[in-house]
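Undergrad: The structure's right below; bear with me while I get my questions together.
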Amino acid sequence: MKIKVELDGGIRLLWPTPVLQKIFPGAEALNPRLGAIIRANQKQDSGIGKSVVAGWHSREDVMAWPELEIGQLRDWIVEAVTTVMLPTTGRAENSFAATAKISAWANILRNGGGHRMHTHPGCMWSGVYYVETGKPDPDQPTSGRLELSDPRTAVEMVPMPESPYGQPVLIDPLPGLMVVFPSWLRHMVHPFMGKGSRVTIAWNLLVEEYNPKR
């Protein structure tokens with residue numbers, strides 16, 4: 001599959017934005033241990049601010065944590081980015097190699113916690129892995145949901161039938177779900193309203209060297 005899409009009748013789909021959503025086998029067993037690791041680090045570190053509101057944001061050193069579960073998550077991040085990069089390069093999986101740098105941080109949101117709208121400068125791909133999703137209030141339909149904004153400027157200025165442009169995409173958090181998107185895509189997390197905690201590991205990836213094979 002290629003990112004440039006040609007439809008029948010001379011219609012082309014231009015400027016698409018690739019977003020990956022995937023649940024990896026083994027996530028159900030991995031997540032309880034990841035949750036314990038994150039909470040142990042929270043007890044030792046007050047964290048940093050960044051885009052988080054009413055929550056805990058760890059330092060961006062999660063990939064340096066020594067636990068084997070962190071290594072497993074790193075492997076999943078590499079696999080997910082490789083998957084989403086294939087249609088953007090138009091190459092087969094075995095036709096390119098790359099070296100990359102990954103930075104990651106943990107987030108814990110309790111009732112009322114969220115993330116302001118933002119982007120991730122200085123990197124190529126970003127993502128979030130859901131460790132725990134808590135129990136959202138059923139009367140709050142946007143609770144804890146990830147919102148991705150239409151990146152095209154001013155597309156909402158002139159109404160069109162069925163409002164096809166300018167609409168945000170809301171993604172429901174699920175334990176074990178990995179979401180990957182380009183780092184320039186504006187996004188936010190709606191306040192988590194409910195019981196328990198919304199626990200995630202967010203990350204950035206920068207491709208430092210890309211080696212296409214001819």
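Ligands are numbered from 1 in the order shown, chains are lettered A, B, ... in the order of the structure tokens, and residues start at 1 in each chain.
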Can you tell me, as number ranges by chain, what residues are no more than 7 Å from region 34-38 of chain A when counting only C-alpha atoms, ignoring any on the same chain fewer than 4 positions away?
TA: A: 30, 42, 69, 106, 131
Undergrad: For those residues, write N, CA and C atoms to a file as a short mmCIF file (atom, residue, chain, number, x, y, z; two decimals), in the first residue's frame.
TA:
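Listed below is the output, part-v6.cif:
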```cif
data_model
loop_
_atom_site.label_atom_id
_atom_site.label_comp_id
_atom_site.auth_asym_id
_atom_site.auth_seq_id
_atom_site.Cartn_x
_atom_site.Cartn_y
_atom_site.Cartn_z
N LEU A 30 1.63 -8.01 30.19
CA LEU A 30 2.68 -7.02 30.42
C LEU A 30 2.21 -5.83 31.23
N GLN A 42 7.19 6.89 40.19
CA GLN A 42 6.50 8.09 40.64
C GLN A 42 6.83 8.41 42.10
N GLU A 69 10.49 -5.42 30.98
CA GLU A 69 9.21 -4.99 30.38
C GLU A 69 9.39 -3.73 29.55
N ALA A 106 6.34 8.49 31.20
CA ALA A 106 5.11 7.92 31.73
C ALA A 106 4.18 9.03 32.21
N VAL A 131 -1.41 1.68 29.35
CA VAL A 131 -1.15 0.67 30.37
C VAL A 131 -2.43 0.39 31.18
#
```
Undergrad: Got a sec to tell me which of region 49-93 of chain A DSSP assigns to alpha helix (DSSP H), as a list in words?
TA: Leu68, Glu69, Ile70, Gly71, Gln72, Leu73, Arg74, Asp75, Trp76, Ile77, Val78, Glu79, Ala80, Val81, Thr82, Thr83, Val84, Met85, Leu86, Pro87, Thr88 and Thr89 of chain A
Undergrad: Got a sec to tell me which of chain A DSSP assigns to strand (DSSP E), as a ChimeraX atom specification?
TA: /A:5-6,12-13,20-23,52-57,96-118,125-132,135-136,146-148,169-171,177-182,187-189,194-195,198-212
Undergrad: Name all residues at most 7 Å from Met178 (chain A) (count only C-alpha atoms; drop same-chain ones fewer than 4 positions away) and give them as a list in words.
TA: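 Once the adjacent positions are removed, what remains is Gln21, Lys22, Ile23, Val128, Tyr129 and Tyr130 of chain A.
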Undergrad: Please, could you write that set of residues out with C-alpha atoms as a compact mmCIF listing (two decimals), in the first residue's frame?
TA:
```txt
# COMPACT_ATOMS: atom_id res chain seq x y z
CA GLN A 21 -3.75 1.77 16.14
CA LYS A 22 -2.65 -1.68 17.28
CA ILE A 23 -2.96 -3.96 20.29
CA VAL A 128 1.15 6.54 23.23
CA TYR A 129 0.82 3.12 24.82
CA TYR A 130 -2.09 2.55 27.21
```
Undergrad: For Gly122 (chain A), which residue among A:Gly194, A:Pro32, A:Gly49, A:Pro182 is the nearest when counting only C-alpha atoms?
TA: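 The shortest atom-to-atom distance to Gly122 (chain A) comes from A:Pro182.
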Undergrad: Using only C-alpha atoms, which residues sit within 10 Å of Val5 (chain A) once same-chain residues fewer than 6 positions away are excluded, as a PyMOL selection string?
TA: chain A and resi 11-16
Undergrad: What does the file look like for those residues with N, CA and C atoms, as a PDB file, in the first residue's frame?
TA:
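Resulting contents of again-v6.pdb:
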```pdb
ATOM      1  N   ILE A  11     -10.177  10.982  -9.333  1.00  0.00           N
ATOM      2  CA  ILE A  11     -10.120  11.548  -7.979  1.00  0.00           C
ATOM      3  C   ILE A  11      -8.852  11.072  -7.276  1.00  0.00           C
ATOM      4  N   ARG A  12      -8.135  12.019  -6.708  1.00  0.00           N
ATOM      5  CA  ARG A  12      -6.932  11.690  -5.937  1.00  0.00           C
ATOM      6  C   ARG A  12      -7.151  12.105  -4.486  1.00  0.00           C
ATOM      7  N   LEU A  13      -6.698  11.288  -3.537  1.00  0.00           N
ATOM      8  CA  LEU A  13      -6.707  11.657  -2.128  1.00  0.00           C
ATOM      9  C   LEU A  13      -5.328  12.218  -1.795  1.00  0.00           C
ATOM     10  N   LEU A  14      -5.271  13.524  -1.542  1.00  0.00           N
ATOM     11  CA  LEU A  14      -4.002  14.195  -1.309  1.00  0.00           C
ATOM     12  C   LEU A  14      -3.787  14.485   0.169  1.00  0.00           C
ATOM     13  N   TRP A  15      -2.534  14.555   0.564  1.00  0.00           N
ATOM     14  CA  TRP A  15      -2.102  14.922   1.915  1.00  0.00           C
ATOM     15  C   TRP A  15      -2.712  14.068   3.021  1.00  0.00           C
ATOM     16  N   PRO A  16      -2.739  12.771   2.865  1.00  0.00           N
ATOM     17  CA  PRO A  16      -3.241  11.923   3.956  1.00  0.00           C
ATOM     18  C   PRO A  16      -2.264  11.915   5.132  1.00  0.00           C
TER      19      PRO A  16
END
```
